[in-house]
Each structure stands twice: as C-alpha cells, then as structure tokens.
$ cat start.txt   # compact mmCIF, N, CA and C atoms and all ligand atoms
# COMPACT_ATOMS: atom_id res chain seq x y z
N MET Y 1 -13.66 -4.64 5.20
CA MET Y 1 -13.25 -5.88 5.85
C MET Y 1 -14.43 -6.44 6.65
N PRO Y 2 -14.57 -7.77 6.63
CA PRO Y 2 -15.72 -8.39 7.31
C PRO Y 2 -15.81 -8.05 8.80
N LYS Y 3 -14.64 -7.89 9.46
CA LYS Y 3 -14.71 -7.63 10.90
C LYS Y 3 -15.49 -6.34 11.21
N TRP Y 4 -15.38 -5.34 10.34
CA TRP Y 4 -16.11 -4.09 10.59
C TRP Y 4 -17.60 -4.28 10.37
N HIS Y 5 -17.96 -5.17 9.45
CA HIS Y 5 -19.39 -5.46 9.27
C HIS Y 5 -19.91 -6.24 10.47
N VAL Y 6 -19.11 -7.13 11.03
CA VAL Y 6 -19.53 -7.88 12.22
C VAL Y 6 -19.72 -6.92 13.40
N VAL Y 7 -18.74 -6.03 13.60
CA VAL Y 7 -18.81 -5.09 14.74
C VAL Y 7 -19.99 -4.13 14.56
N SER Y 8 -20.11 -3.53 13.39
CA SER Y 8 -21.19 -2.55 13.18
C SER Y 8 -22.56 -3.24 13.20
N GLY Y 9 -22.64 -4.44 12.64
CA GLY Y 9 -23.92 -5.18 12.67
C GLY Y 9 -24.32 -5.53 14.09
N ALA Y 10 -23.35 -5.92 14.91
CA ALA Y 10 -23.65 -6.26 16.31
C ALA Y 10 -24.11 -5.03 17.09
N ILE Y 11 -23.40 -3.91 16.90
CA ILE Y 11 -23.77 -2.67 17.61
C ILE Y 11 -25.16 -2.20 17.15
N PHE Y 12 -25.40 -2.23 15.86
CA PHE Y 12 -26.69 -1.79 15.31
C PHE Y 12 -27.82 -2.67 15.84
N SER Y 13 -27.61 -3.98 15.84
CA SER Y 13 -28.64 -4.90 16.32
C SER Y 13 -28.91 -4.69 17.80
N LEU Y 14 -27.84 -4.50 18.57
CA LEU Y 14 -27.99 -4.25 20.01
C LEU Y 14 -28.76 -2.95 20.26
N LEU Y 15 -28.44 -1.93 19.49
CA LEU Y 15 -29.15 -0.65 19.63
C LEU Y 15 -30.64 -0.82 19.32
N LEU Y 16 -30.95 -1.64 18.32
CA LEU Y 16 -32.37 -1.87 17.98
C LEU Y 16 -33.09 -2.55 19.14
N VAL Y 17 -32.39 -3.48 19.82
CA VAL Y 17 -33.00 -4.15 20.97
C VAL Y 17 -33.21 -3.15 22.10
N LEU Y 18 -32.17 -2.35 22.39
CA LEU Y 18 -32.24 -1.43 23.52
C LEU Y 18 -33.20 -0.27 23.28
N LEU Y 19 -33.21 0.25 22.07
CA LEU Y 19 -34.01 1.44 21.79
C LEU Y 19 -35.44 1.12 21.37
N PHE Y 20 -35.62 0.01 20.64
CA PHE Y 20 -36.95 -0.28 20.08
C PHE Y 20 -37.52 -1.60 20.55
N ASP Y 21 -36.78 -2.29 21.42
CA ASP Y 21 -37.26 -3.55 21.99
C ASP Y 21 -37.75 -4.52 20.90
N ILE Y 22 -36.91 -4.73 19.89
CA ILE Y 22 -37.35 -5.57 18.75
C ILE Y 22 -37.28 -7.07 19.05
N GLY Y 23 -36.64 -7.43 20.13
CA GLY Y 23 -36.51 -8.85 20.47
C GLY Y 23 -35.23 -9.43 19.90
N TRP Y 24 -34.73 -10.47 20.59
CA TRP Y 24 -33.42 -11.02 20.21
C TRP Y 24 -33.46 -11.78 18.89
N ALA Y 25 -34.57 -12.44 18.58
CA ALA Y 25 -34.65 -13.18 17.32
C ALA Y 25 -34.57 -12.21 16.13
N SER Y 26 -35.29 -11.11 16.22
CA SER Y 26 -35.23 -10.11 15.15
C SER Y 26 -33.85 -9.48 15.07
N ALA Y 27 -33.26 -9.21 16.24
CA ALA Y 27 -31.92 -8.62 16.26
C ALA Y 27 -30.90 -9.56 15.63
N CYS Y 28 -31.04 -10.86 15.89
CA CYS Y 28 -30.14 -11.84 15.27
C CYS Y 28 -30.29 -11.83 13.75
N LEU Y 29 -31.52 -11.69 13.29
CA LEU Y 29 -31.76 -11.64 11.85
C LEU Y 29 -31.13 -10.40 11.22
N VAL Y 30 -31.24 -9.27 11.90
CA VAL Y 30 -30.61 -8.04 11.40
C VAL Y 30 -29.10 -8.25 11.34
N PHE Y 31 -28.55 -8.79 12.43
CA PHE Y 31 -27.10 -9.00 12.49
C PHE Y 31 -26.63 -9.95 11.39
N LEU Y 32 -27.28 -11.11 11.29
CA LEU Y 32 -26.86 -12.09 10.29
C LEU Y 32 -27.00 -11.53 8.87
N SER Y 33 -28.06 -10.79 8.63
CA SER Y 33 -28.25 -10.19 7.30
C SER Y 33 -27.15 -9.19 6.98
N SER Y 34 -26.76 -8.42 8.00
CA SER Y 34 -25.74 -7.39 7.77
C SER Y 34 -24.37 -7.99 7.48
N VAL Y 35 -24.16 -9.23 7.86
CA VAL Y 35 -22.86 -9.90 7.62
C VAL Y 35 -22.95 -10.85 6.41
N LEU Y 36 -24.01 -11.64 6.37
CA LEU Y 36 -24.09 -12.69 5.35
C LEU Y 36 -24.42 -12.17 3.96
N ILE Y 37 -24.79 -10.92 3.84
CA ILE Y 37 -25.00 -10.33 2.51
C ILE Y 37 -23.74 -10.49 1.66
N ASP Y 38 -22.58 -10.52 2.31
CA ASP Y 38 -21.32 -10.64 1.57
C ASP Y 38 -21.11 -12.03 0.99
N LEU Y 39 -22.03 -12.95 1.18
CA LEU Y 39 -21.91 -14.25 0.52
C LEU Y 39 -21.93 -14.12 -1.00
N ASP Y 40 -22.43 -12.99 -1.48
CA ASP Y 40 -22.40 -12.80 -2.93
C ASP Y 40 -20.97 -12.67 -3.46
N HIS Y 41 -20.04 -12.26 -2.58
CA HIS Y 41 -18.62 -12.25 -2.98
C HIS Y 41 -18.16 -13.70 -3.23
N TYR Y 42 -18.64 -14.58 -2.38
CA TYR Y 42 -18.28 -16.00 -2.50
C TYR Y 42 -18.87 -16.60 -3.78
N VAL Y 43 -20.08 -16.22 -4.09
CA VAL Y 43 -20.73 -16.67 -5.33
C VAL Y 43 -19.93 -16.18 -6.54
N LEU Y 44 -19.47 -14.95 -6.45
CA LEU Y 44 -18.65 -14.38 -7.53
C LEU Y 44 -17.36 -15.18 -7.69
N TYR Y 45 -16.75 -15.53 -6.57
CA TYR Y 45 -15.52 -16.33 -6.57
C TYR Y 45 -15.78 -17.69 -7.22
N PHE Y 46 -16.86 -18.33 -6.81
CA PHE Y 46 -17.17 -19.65 -7.37
C PHE Y 46 -17.44 -19.54 -8.87
N ALA Y 47 -18.17 -18.54 -9.28
CA ALA Y 47 -18.48 -18.37 -10.70
C ALA Y 47 -17.21 -18.11 -11.52
N SER Y 48 -16.27 -17.41 -10.92
CA SER Y 48 -15.05 -17.07 -11.63
C SER Y 48 -14.01 -18.19 -11.62
N GLU Y 49 -13.83 -18.81 -10.45
CA GLU Y 49 -12.72 -19.76 -10.27
C GLU Y 49 -13.15 -21.22 -10.24
N LYS Y 50 -14.44 -21.46 -10.10
CA LYS Y 50 -14.97 -22.83 -10.00
C LYS Y 50 -14.35 -23.59 -8.82
N LYS Y 51 -14.11 -22.87 -7.73
CA LYS Y 51 -13.56 -23.46 -6.51
C LYS Y 51 -14.43 -23.02 -5.34
N LEU Y 52 -14.34 -23.79 -4.24
CA LEU Y 52 -15.15 -23.47 -3.06
C LEU Y 52 -14.33 -23.26 -1.80
N HIS Y 53 -13.04 -23.55 -1.85
CA HIS Y 53 -12.25 -23.52 -0.63
C HIS Y 53 -12.23 -22.11 -0.01
N PRO Y 54 -12.62 -21.99 1.27
CA PRO Y 54 -12.72 -20.66 1.88
C PRO Y 54 -11.38 -19.92 1.98
N PHE Y 55 -10.28 -20.62 2.22
CA PHE Y 55 -8.99 -19.92 2.31
C PHE Y 55 -8.55 -19.40 0.95
N ASP Y 56 -8.79 -20.22 -0.09
CA ASP Y 56 -8.48 -19.75 -1.44
C ASP Y 56 -9.35 -18.55 -1.79
N PHE Y 57 -10.60 -18.60 -1.36
CA PHE Y 57 -11.50 -17.47 -1.59
C PHE Y 57 -10.95 -16.21 -0.96
N TRP Y 58 -10.48 -16.34 0.27
CA TRP Y 58 -9.96 -15.17 0.99
C TRP Y 58 -8.73 -14.60 0.26
N ASP Y 59 -7.80 -15.48 -0.14
CA ASP Y 59 -6.61 -15.02 -0.88
C ASP Y 59 -7.00 -14.33 -2.19
N TRP Y 60 -7.94 -14.97 -2.91
CA TRP Y 60 -8.42 -14.42 -4.17
C TRP Y 60 -9.02 -13.02 -3.96
N SER Y 61 -9.81 -12.88 -2.90
CA SER Y 61 -10.46 -11.59 -2.61
C SER Y 61 -9.42 -10.52 -2.29
N ILE Y 62 -8.45 -10.87 -1.47
CA ILE Y 62 -7.42 -9.90 -1.09
C ILE Y 62 -6.61 -9.47 -2.32
N LYS Y 63 -6.22 -10.45 -3.15
CA LYS Y 63 -5.44 -10.13 -4.36
C LYS Y 63 -6.22 -9.21 -5.30
N ARG Y 64 -7.49 -9.53 -5.51
CA ARG Y 64 -8.30 -8.71 -6.41
C ARG Y 64 -8.49 -7.30 -5.85
N ASN Y 65 -8.67 -7.22 -4.55
CA ASN Y 65 -8.84 -5.92 -3.93
C ASN Y 65 -7.57 -5.08 -4.07
N LEU Y 66 -6.41 -5.71 -3.84
CA LEU Y 66 -5.14 -4.99 -3.97
C LEU Y 66 -4.91 -4.56 -5.42
N LEU Y 67 -5.23 -5.45 -6.36
CA LEU Y 67 -5.08 -5.11 -7.77
C LEU Y 67 -5.95 -3.92 -8.13
N TRP Y 68 -7.18 -3.96 -7.67
CA TRP Y 68 -8.12 -2.88 -7.97
C TRP Y 68 -7.64 -1.57 -7.36
N LYS Y 69 -7.04 -1.62 -6.17
CA LYS Y 69 -6.56 -0.40 -5.51
C LYS Y 69 -5.34 0.19 -6.23
N LYS Y 70 -4.60 -0.65 -6.95
CA LYS Y 70 -3.44 -0.15 -7.68
C LYS Y 70 -3.85 0.60 -8.94
N PHE Y 71 -5.05 0.32 -9.43
CA PHE Y 71 -5.51 0.98 -10.65
C PHE Y 71 -5.69 2.47 -10.42
N SER Y 72 -5.35 3.23 -11.44
CA SER Y 72 -5.68 4.66 -11.40
C SER Y 72 -7.18 4.78 -11.66
N ARG Y 73 -7.69 5.95 -11.45
CA ARG Y 73 -9.12 6.16 -11.72
C ARG Y 73 -9.43 5.86 -13.20
N ARG Y 74 -8.52 6.24 -14.08
CA ARG Y 74 -8.70 5.99 -15.53
C ARG Y 74 -8.74 4.49 -15.81
N GLU Y 75 -7.83 3.72 -15.17
CA GLU Y 75 -7.81 2.27 -15.38
C GLU Y 75 -9.09 1.63 -14.84
N ARG Y 76 -9.55 2.12 -13.71
CA ARG Y 76 -10.81 1.58 -13.17
C ARG Y 76 -11.96 1.80 -14.13
N ASP Y 77 -11.95 2.95 -14.78
CA ASP Y 77 -13.03 3.26 -15.72
C ASP Y 77 -13.03 2.35 -16.93
N LEU Y 78 -11.87 1.78 -17.25
CA LEU Y 78 -11.76 0.92 -18.43
C LEU Y 78 -12.21 -0.52 -18.16
N HIS Y 79 -12.29 -0.90 -16.90
CA HIS Y 79 -12.56 -2.30 -16.55
C HIS Y 79 -13.98 -2.52 -16.03
N LYS Y 80 -14.40 -3.78 -16.21
CA LYS Y 80 -15.71 -4.17 -15.67
C LYS Y 80 -15.67 -4.16 -14.15
N ARG Y 81 -16.79 -3.82 -13.57
CA ARG Y 81 -16.93 -3.91 -12.12
C ARG Y 81 -17.63 -5.22 -11.79
N PRO Y 82 -17.29 -5.77 -10.64
CA PRO Y 82 -17.92 -7.05 -10.28
C PRO Y 82 -19.41 -6.86 -9.94
N HIS Y 83 -20.17 -7.92 -10.19
CA HIS Y 83 -21.59 -7.91 -9.83
C HIS Y 83 -21.76 -8.56 -8.46
N PHE Y 84 -22.06 -7.74 -7.48
CA PHE Y 84 -22.39 -8.26 -6.16
C PHE Y 84 -23.91 -8.31 -6.09
N LEU Y 85 -24.44 -9.50 -6.34
CA LEU Y 85 -25.87 -9.64 -6.61
C LEU Y 85 -26.78 -9.16 -5.47
N LEU Y 86 -26.30 -9.26 -4.23
CA LEU Y 86 -27.14 -8.84 -3.11
C LEU Y 86 -26.93 -7.37 -2.73
N HIS Y 87 -25.89 -6.76 -3.28
CA HIS Y 87 -25.60 -5.38 -2.96
C HIS Y 87 -26.28 -4.47 -3.97
N GLY Y 88 -27.32 -3.82 -3.57
CA GLY Y 88 -27.92 -2.90 -4.50
C GLY Y 88 -29.31 -2.47 -4.09
N ILE Y 89 -29.70 -1.34 -4.61
CA ILE Y 89 -31.01 -0.78 -4.30
C ILE Y 89 -32.11 -1.70 -4.79
N GLU Y 90 -31.83 -2.49 -5.83
CA GLU Y 90 -32.86 -3.38 -6.38
C GLU Y 90 -33.28 -4.43 -5.34
N VAL Y 91 -32.30 -5.07 -4.71
CA VAL Y 91 -32.59 -6.10 -3.70
C VAL Y 91 -33.21 -5.46 -2.46
N VAL Y 92 -32.69 -4.29 -2.08
CA VAL Y 92 -33.22 -3.61 -0.90
C VAL Y 92 -34.69 -3.23 -1.12
N LEU Y 93 -35.00 -2.73 -2.31
CA LEU Y 93 -36.40 -2.39 -2.62
C LEU Y 93 -37.29 -3.64 -2.60
N LEU Y 94 -36.78 -4.74 -3.15
CA LEU Y 94 -37.53 -6.00 -3.14
C LEU Y 94 -37.80 -6.45 -1.70
N LEU Y 95 -36.77 -6.35 -0.85
CA LEU Y 95 -36.95 -6.73 0.56
C LEU Y 95 -37.99 -5.84 1.24
N TRP Y 96 -37.95 -4.55 0.92
CA TRP Y 96 -38.91 -3.63 1.53
C TRP Y 96 -40.34 -3.98 1.09
N ILE Y 97 -40.51 -4.28 -0.19
CA ILE Y 97 -41.84 -4.66 -0.68
C ILE Y 97 -42.29 -5.97 -0.01
N LEU Y 98 -41.37 -6.94 0.08
CA LEU Y 98 -41.73 -8.21 0.74
C LEU Y 98 -42.07 -7.99 2.21
N SER Y 99 -41.40 -7.01 2.83
CA SER Y 99 -41.66 -6.75 4.26
C SER Y 99 -43.06 -6.21 4.50
N LEU Y 100 -43.68 -5.64 3.46
CA LEU Y 100 -45.06 -5.16 3.59
C LEU Y 100 -46.03 -6.33 3.76
N PHE Y 101 -45.63 -7.50 3.25
CA PHE Y 101 -46.48 -8.70 3.33
C PHE Y 101 -46.02 -9.68 4.40
N PHE Y 102 -44.71 -9.75 4.58
CA PHE Y 102 -44.13 -10.66 5.57
C PHE Y 102 -43.14 -9.86 6.42
N GLY Y 103 -43.49 -9.62 7.67
CA GLY Y 103 -42.68 -8.79 8.55
C GLY Y 103 -41.24 -9.25 8.70
N PHE Y 104 -41.05 -10.54 8.55
CA PHE Y 104 -39.74 -11.16 8.66
C PHE Y 104 -38.70 -10.47 7.76
N PHE Y 105 -39.13 -10.06 6.57
CA PHE Y 105 -38.19 -9.47 5.61
C PHE Y 105 -37.74 -8.07 6.03
N PHE Y 106 -38.47 -7.43 6.93
CA PHE Y 106 -38.06 -6.10 7.37
C PHE Y 106 -36.70 -6.13 8.05
N TRP Y 107 -36.45 -7.19 8.83
CA TRP Y 107 -35.18 -7.29 9.56
C TRP Y 107 -34.03 -7.54 8.59
N ILE Y 108 -34.30 -8.30 7.55
CA ILE Y 108 -33.26 -8.51 6.52
C ILE Y 108 -33.03 -7.20 5.76
N PHE Y 109 -34.10 -6.49 5.48
CA PHE Y 109 -34.01 -5.17 4.85
C PHE Y 109 -33.10 -4.25 5.66
N LEU Y 110 -33.29 -4.21 6.97
CA LEU Y 110 -32.45 -3.36 7.83
C LEU Y 110 -30.98 -3.80 7.79
N GLY Y 111 -30.75 -5.11 7.89
CA GLY Y 111 -29.37 -5.62 7.86
C GLY Y 111 -28.68 -5.31 6.55
N PHE Y 112 -29.36 -5.58 5.45
CA PHE Y 112 -28.79 -5.28 4.13
C PHE Y 112 -28.56 -3.78 3.97
N GLY Y 113 -29.55 -3.00 4.43
CA GLY Y 113 -29.44 -1.54 4.31
C GLY Y 113 -28.23 -1.01 5.05
N LEU Y 114 -28.02 -1.49 6.28
CA LEU Y 114 -26.85 -1.07 7.06
C LEU Y 114 -25.57 -1.42 6.32
N HIS Y 115 -25.48 -2.66 5.87
CA HIS Y 115 -24.28 -3.14 5.20
C HIS Y 115 -23.98 -2.31 3.94
N ILE Y 116 -24.99 -2.08 3.14
CA ILE Y 116 -24.77 -1.34 1.89
C ILE Y 116 -24.37 0.11 2.18
N CYS Y 117 -24.96 0.72 3.22
CA CYS Y 117 -24.55 2.09 3.59
C CYS Y 117 -23.06 2.12 3.94
N LEU Y 118 -22.61 1.14 4.73
CA LEU Y 118 -21.19 1.09 5.12
C LEU Y 118 -20.30 0.86 3.91
N ASP Y 119 -20.72 -0.02 3.00
CA ASP Y 119 -19.95 -0.26 1.77
C ASP Y 119 -19.87 1.01 0.92
N LEU Y 120 -20.96 1.74 0.85
CA LEU Y 120 -20.96 2.97 0.06
C LEU Y 120 -20.00 3.99 0.65
N ILE Y 121 -19.99 4.11 1.98
CA ILE Y 121 -19.05 5.03 2.64
C ILE Y 121 -17.62 4.60 2.32
N ASP Y 122 -17.36 3.28 2.40
CA ASP Y 122 -16.03 2.75 2.09
C ASP Y 122 -15.64 3.08 0.64
N ASN Y 123 -16.56 2.88 -0.29
CA ASN Y 123 -16.28 3.20 -1.70
C ASN Y 123 -15.95 4.68 -1.88
N ILE Y 124 -16.70 5.52 -1.21
CA ILE Y 124 -16.48 6.96 -1.36
C ILE Y 124 -15.12 7.35 -0.76
N LEU Y 125 -14.77 6.76 0.39
CA LEU Y 125 -13.49 7.07 1.04
C LEU Y 125 -12.31 6.65 0.17
N PHE Y 126 -12.46 5.54 -0.58
CA PHE Y 126 -11.37 5.07 -1.44
C PHE Y 126 -11.52 5.57 -2.88
N ALA Y 127 -12.38 6.56 -3.07
CA ALA Y 127 -12.59 7.19 -4.37
C ALA Y 127 -13.02 6.20 -5.45
N TYR Y 128 -13.74 5.14 -5.05
CA TYR Y 128 -14.36 4.25 -6.03
C TYR Y 128 -15.72 4.81 -6.37
N HIS Y 129 -16.14 4.52 -7.57
CA HIS Y 129 -17.49 4.93 -7.93
C HIS Y 129 -18.47 4.13 -7.07
N PRO Y 130 -19.33 4.79 -6.32
CA PRO Y 130 -20.19 4.05 -5.38
C PRO Y 130 -21.28 3.21 -6.02
N ALA Y 131 -21.56 3.43 -7.28
CA ALA Y 131 -22.72 2.77 -7.89
C ALA Y 131 -22.58 1.25 -7.98
N SER Y 132 -21.34 0.71 -8.03
CA SER Y 132 -21.21 -0.74 -8.16
C SER Y 132 -21.72 -1.47 -6.93
N LYS Y 133 -21.77 -0.79 -5.80
CA LYS Y 133 -22.36 -1.39 -4.60
C LYS Y 133 -23.77 -0.85 -4.35
N PHE Y 134 -24.24 -0.02 -5.27
CA PHE Y 134 -25.54 0.59 -5.07
C PHE Y 134 -26.59 0.09 -6.05
N SER Y 135 -26.15 -0.32 -7.23
CA SER Y 135 -27.13 -0.78 -8.23
C SER Y 135 -26.50 -1.79 -9.18
N GLN Y 136 -27.06 -2.98 -9.22
CA GLN Y 136 -26.55 -3.98 -10.15
C GLN Y 136 -27.04 -3.71 -11.57
N ILE Y 137 -28.15 -3.03 -11.73
CA ILE Y 137 -28.60 -2.63 -13.06
C ILE Y 137 -27.61 -1.62 -13.64
N TRP Y 138 -27.21 -0.65 -12.80
CA TRP Y 138 -26.20 0.31 -13.24
C TRP Y 138 -24.91 -0.42 -13.60
N THR Y 139 -24.48 -1.36 -12.77
CA THR Y 139 -23.24 -2.10 -13.03
C THR Y 139 -23.33 -2.86 -14.35
N TRP Y 140 -24.45 -3.53 -14.58
CA TRP Y 140 -24.65 -4.27 -15.83
C TRP Y 140 -24.57 -3.32 -17.02
N HIS Y 141 -25.25 -2.19 -16.92
CA HIS Y 141 -25.25 -1.22 -18.01
C HIS Y 141 -23.85 -0.65 -18.22
N ARG Y 142 -23.16 -0.33 -17.14
CA ARG Y 142 -21.84 0.27 -17.22
C ARG Y 142 -20.80 -0.70 -17.79
N ASN Y 143 -20.94 -2.00 -17.49
CA ASN Y 143 -19.94 -2.99 -17.89
C ASN Y 143 -19.93 -3.30 -19.39
N LYS Y 144 -20.95 -2.86 -20.09
CA LYS Y 144 -20.97 -3.10 -21.53
C LYS Y 144 -19.72 -2.47 -22.14
N LYS Y 145 -19.03 -3.22 -22.96
CA LYS Y 145 -17.84 -2.74 -23.67
C LYS Y 145 -16.67 -2.39 -22.75
N LYS Y 146 -16.63 -2.97 -21.56
CA LYS Y 146 -15.47 -2.76 -20.67
C LYS Y 146 -14.64 -4.03 -20.64
N LYS Y 147 -13.38 -3.89 -20.23
CA LYS Y 147 -12.48 -5.03 -20.15
C LYS Y 147 -12.66 -5.76 -18.82
N LYS Y 148 -12.51 -7.09 -18.89
CA LYS Y 148 -12.54 -7.88 -17.65
C LYS Y 148 -11.22 -7.67 -16.90
N VAL Y 149 -11.30 -7.58 -15.59
CA VAL Y 149 -10.09 -7.43 -14.78
C VAL Y 149 -9.36 -8.78 -14.79
N LEU Y 150 -8.10 -8.75 -15.19
CA LEU Y 150 -7.32 -9.98 -15.22
C LEU Y 150 -6.65 -10.21 -13.87
N ARG Y 151 -6.39 -11.48 -13.59
CA ARG Y 151 -5.74 -11.82 -12.32
C ARG Y 151 -4.25 -11.59 -12.38
ZN ZN H 201 -20.44 -5.73 1.19

$ encode --input "start.txt" --output "structure tokens"
Amino acid sequence: MPKWHVVSGAIFSLLLVLLFDIGWASACLVFLSSVLIDLDHYVLYFASEKKLHPFDFWDWSIKRNLLWKKFSRRERDLHKRPHFLLHGIEVVLLLWILSLFFGFFFWIFLGFGLHICLDLIDNILFAYHPASKFSQIWTWHRNKKKKKVLR
C-alpha cells in the first residue's frame, strides 16, 4: 500500500539527514523517488485501460490485486505477471551507473532501492514469486506462453 511507502520513505530520508547529513534537498529526492517509483503502476493502467482518471486507477488496482490474491500458486504460475518498468535490478543498476557520473542519481538510486526492497519483502510475505518486482527481463522471459490475467 502506498501509505507504507510514504511512511518508510520519510523515515529513511530523515535517518539519512540525521545520520549522514545529506541535506534536505537530497533527502527530498530520496523520499520522492521511494514513492513516485510506483508511477509505473499508473503507466500500466493507462496502457491497459486507456484511461487516466486517478480514482478509476485506484479501483482498477485494488480489483486486480484482490483477483491476484485469490489465485492459487498454480493459477499464478499460469498467468502473465505485470511489467512494472521502474521496479527491477535493471533500472537500479542503470541509476547506480549514472550516479557515478552525476551525483544526483545516487539519491534516486537509494529511493528506488528502498522501495524495491520493501516490495520484495511484501511479495515474499504473500508467497508471490519475488522476481516480478526484481527483474523486468525475468518477467518478460517468464511471460512467454502465459495467459493474460482477465478482469
Ligand atoms: Zn512498488
């Protein structure tokens, strides 16, 4: 749920300020990155439904999440997993490489890293395969010959 990403991102950013004196601008970047990474869910919604309304997006997300939770492990294995384009080791590695040249990207790297770690813990707790939030290359490879989840 987004509220846990907001709370954990705020605490993490505050700790970075208190422990490492990173400055408030950098802390804001870490915080915003840790929350706004989920905009890829919105992109997925737009690509699927061709709509932009935020309330419809929220309803759509809740329904899909509930549907997915009703699936048995076997049913989950038969269906395609969604592509969350910003969630994955590929983007995190790219941010890390960019941070070697532009320090600005390091704070986004930290925010994305925090968010993805929390998502992975969530996936493991709900017995979902964690790779769909860990690698989009894996998701693409895995989705070959799988069924699309129907609404
Ligand atoms: Zn997420």

$ select_by_dssp --input "start.txt" --residues "segment 20-148 of chain Y" --states "helix (DSSP H, G or I)" --output "ChimeraX atom specification"
/Y:20,24-36,39-49,54-70,73-78,89-101,104-125,130-133,136-143

$ residues_near_ligand --input "start.txt" --ligand "ligand ZN 201 (chain H)" --cutoff "7 Å" --atoms "only C-alpha atoms and all ligand atoms" --output "number ranges by chain"
Y: 37-38, 87, 115-116, 119

$ residues_near_point --input "start.txt" --point "(-9.5, 3.7, -7.1)" --cutoff "8 Å" --atoms "all atoms listed in the file" --output "PyMOL selection string"
chain Y and resi 68-74+76+126-129

$ residues_around --input "start.txt" --residues "Val35 of chain Y" --least-positions-apart "2" --cutoff "12 Å" --atoms "only C-alpha atoms" --output "JSON, numbers by chain"
{"Y": [1, 2, 3, 4, 5, 6, 7, 8, 9, 10, 12, 13, 28, 29, 30, 31, 32, 33, 37, 38, 39, 40, 41, 86, 87, 108, 110, 111, 112, 113, 114, 115, 116, 118, 119]}

$ residues_around --input "start.txt" --residues "Gly88 of chain Y" --least-positions-apart "4" --cutoff "5 Å" --atoms "all atoms listed in the file" --output "PyMOL selection string"
chain Y and resi 92+133-136

$ atom_distance --input "start.txt" --atom1 "atom CA of Arg64 of chain Y" --atom2 "atom CA of His79 of chain Y"
12.7 Å

$ closest_residue --input "start.txt" --among "Y:Phe106, Y:Thr139, Y:Phe84, Y:Trp96" --to "Ala47 of chain Y" --atoms "only C-alpha atoms"
Y:Phe84

$ atom_distance --input "start.txt" --atom1 "atom CA of Leu120 of chain Y" --atom2 "atom N of Glu90 of chain Y"
13.5 Å

$ residues_around --input "start.txt" --residues "Arg81 of chain Y" --least-positions-apart "4" --cutoff "9 Å" --atoms "only C-alpha atoms" --output "PyMOL selection string"
chain Y and resi 76-77+132+139-140+142-143+146+148-149

$ decode --input "start.txt" --residues "segment 79-130 of chain Y" --atoms "C-alpha atoms" --output "PDB file, in the first residue's frame"
ATOM      1  CA  HIS Y  79      -0.711 -16.173 -15.898  1.00  0.00           C
ATOM      2  CA  LYS Y  80       1.430 -13.314 -17.098  1.00  0.00           C
ATOM      3  CA  ARG Y  81       2.896 -11.045 -14.479  1.00  0.00           C
ATOM      4  CA  PRO Y  82       2.624  -7.311 -14.933  1.00  0.00           C
ATOM      5  CA  HIS Y  83       5.620  -5.308 -16.108  1.00  0.00           C
ATOM      6  CA  PHE Y  84       6.458  -2.631 -13.582  1.00  0.00           C
ATOM      7  CA  LEU Y  85       9.019  -0.836 -15.696  1.00  0.00           C
ATOM      8  CA  LEU Y  86      10.745   1.022 -12.862  1.00  0.00           C
ATOM      9  CA  HIS Y  87      10.791  -1.938 -10.482  1.00  0.00           C
ATOM     10  CA  GLY Y  88      13.819  -4.022 -11.131  1.00  0.00           C
ATOM     11  CA  ILE Y  89      17.508  -4.572 -10.800  1.00  0.00           C
ATOM     12  CA  GLU Y  90      17.970  -3.308 -14.364  1.00  0.00           C
ATOM     13  CA  VAL Y  91      16.786   0.234 -13.545  1.00  0.00           C
ATOM     14  CA  VAL Y  92      18.587   0.220 -10.191  1.00  0.00           C
ATOM     15  CA  LEU Y  93      21.854  -0.764 -11.892  1.00  0.00           C
ATOM     16  CA  LEU Y  94      21.347   1.953 -14.518  1.00  0.00           C
ATOM     17  CA  LEU Y  95      20.770   4.533 -11.751  1.00  0.00           C
ATOM     18  CA  TRP Y  96      23.902   3.359  -9.958  1.00  0.00           C
ATOM     19  CA  ILE Y  97      25.976   3.692 -13.137  1.00  0.00           C
ATOM     20  CA  LEU Y  98      24.505   7.161 -13.798  1.00  0.00           C
ATOM     21  CA  SER Y  99      25.296   8.134 -10.206  1.00  0.00           C
ATOM     22  CA  LEU Y 100      28.995   7.554 -10.928  1.00  0.00           C
ATOM     23  CA  PHE Y 101      28.798  10.467 -13.398  1.00  0.00           C
ATOM     24  CA  PHE Y 102      26.002  12.570 -11.916  1.00  0.00           C
ATOM     25  CA  GLY Y 103      25.678  12.504  -8.125  1.00  0.00           C
ATOM     26  CA  PHE Y 104      22.033  13.476  -8.385  1.00  0.00           C
ATOM     27  CA  PHE Y 105      21.118   9.941  -9.490  1.00  0.00           C
ATOM     28  CA  PHE Y 106      22.519   8.420  -6.300  1.00  0.00           C
ATOM     29  CA  TRP Y 107      19.569   9.761  -4.300  1.00  0.00           C
ATOM     30  CA  ILE Y 108      17.109   8.302  -6.794  1.00  0.00           C
ATOM     31  CA  PHE Y 109      19.055   5.037  -6.634  1.00  0.00           C
ATOM     32  CA  LEU Y 110      18.593   4.984  -2.836  1.00  0.00           C
ATOM     33  CA  GLY Y 111      14.863   5.783  -3.060  1.00  0.00           C
ATOM     34  CA  PHE Y 112      14.218   3.140  -5.703  1.00  0.00           C
ATOM     35  CA  GLY Y 113      16.374   0.638  -3.818  1.00  0.00           C
ATOM     36  CA  LEU Y 114      14.420   1.155  -0.594  1.00  0.00           C
ATOM     37  CA  HIS Y 115      11.093   0.839  -2.387  1.00  0.00           C
ATOM     38  CA  ILE Y 116      12.053  -2.327  -4.261  1.00  0.00           C
ATOM     39  CA  CYS Y 117      13.396  -3.950  -1.062  1.00  0.00           C
ATOM     40  CA  LEU Y 118      10.043  -3.294   0.657  1.00  0.00           C
ATOM     41  CA  ASP Y 119       8.120  -4.635  -2.358  1.00  0.00           C
ATOM     42  CA  LEU Y 120      10.259  -7.773  -2.362  1.00  0.00           C
ATOM     43  CA  ILE Y 121       9.555  -8.342   1.347  1.00  0.00           C
ATOM     44  CA  ASP Y 122       5.837  -7.862   0.622  1.00  0.00           C
ATOM     45  CA  ASN Y 123       5.980 -10.368  -2.252  1.00  0.00           C
ATOM     46  CA  ILE Y 124       7.745 -12.927  -0.097  1.00  0.00           C
ATOM     47  CA  LEU Y 125       5.249 -12.470   2.778  1.00  0.00           C
ATOM     48  CA  PHE Y 126       2.326 -13.074   0.384  1.00  0.00           C
ATOM     49  CA  ALA Y 127       4.104 -16.039  -1.232  1.00  0.00           C
ATOM     50  CA  TYR Y 128       4.370 -14.295  -4.608  1.00  0.00           C
ATOM     51  CA  HIS Y 129       7.368 -15.007  -6.712  1.00  0.00           C
ATOM     52  CA  PRO Y 130       9.621 -12.029  -5.931  1.00  0.00           C
TER      53      PRO Y 130
END
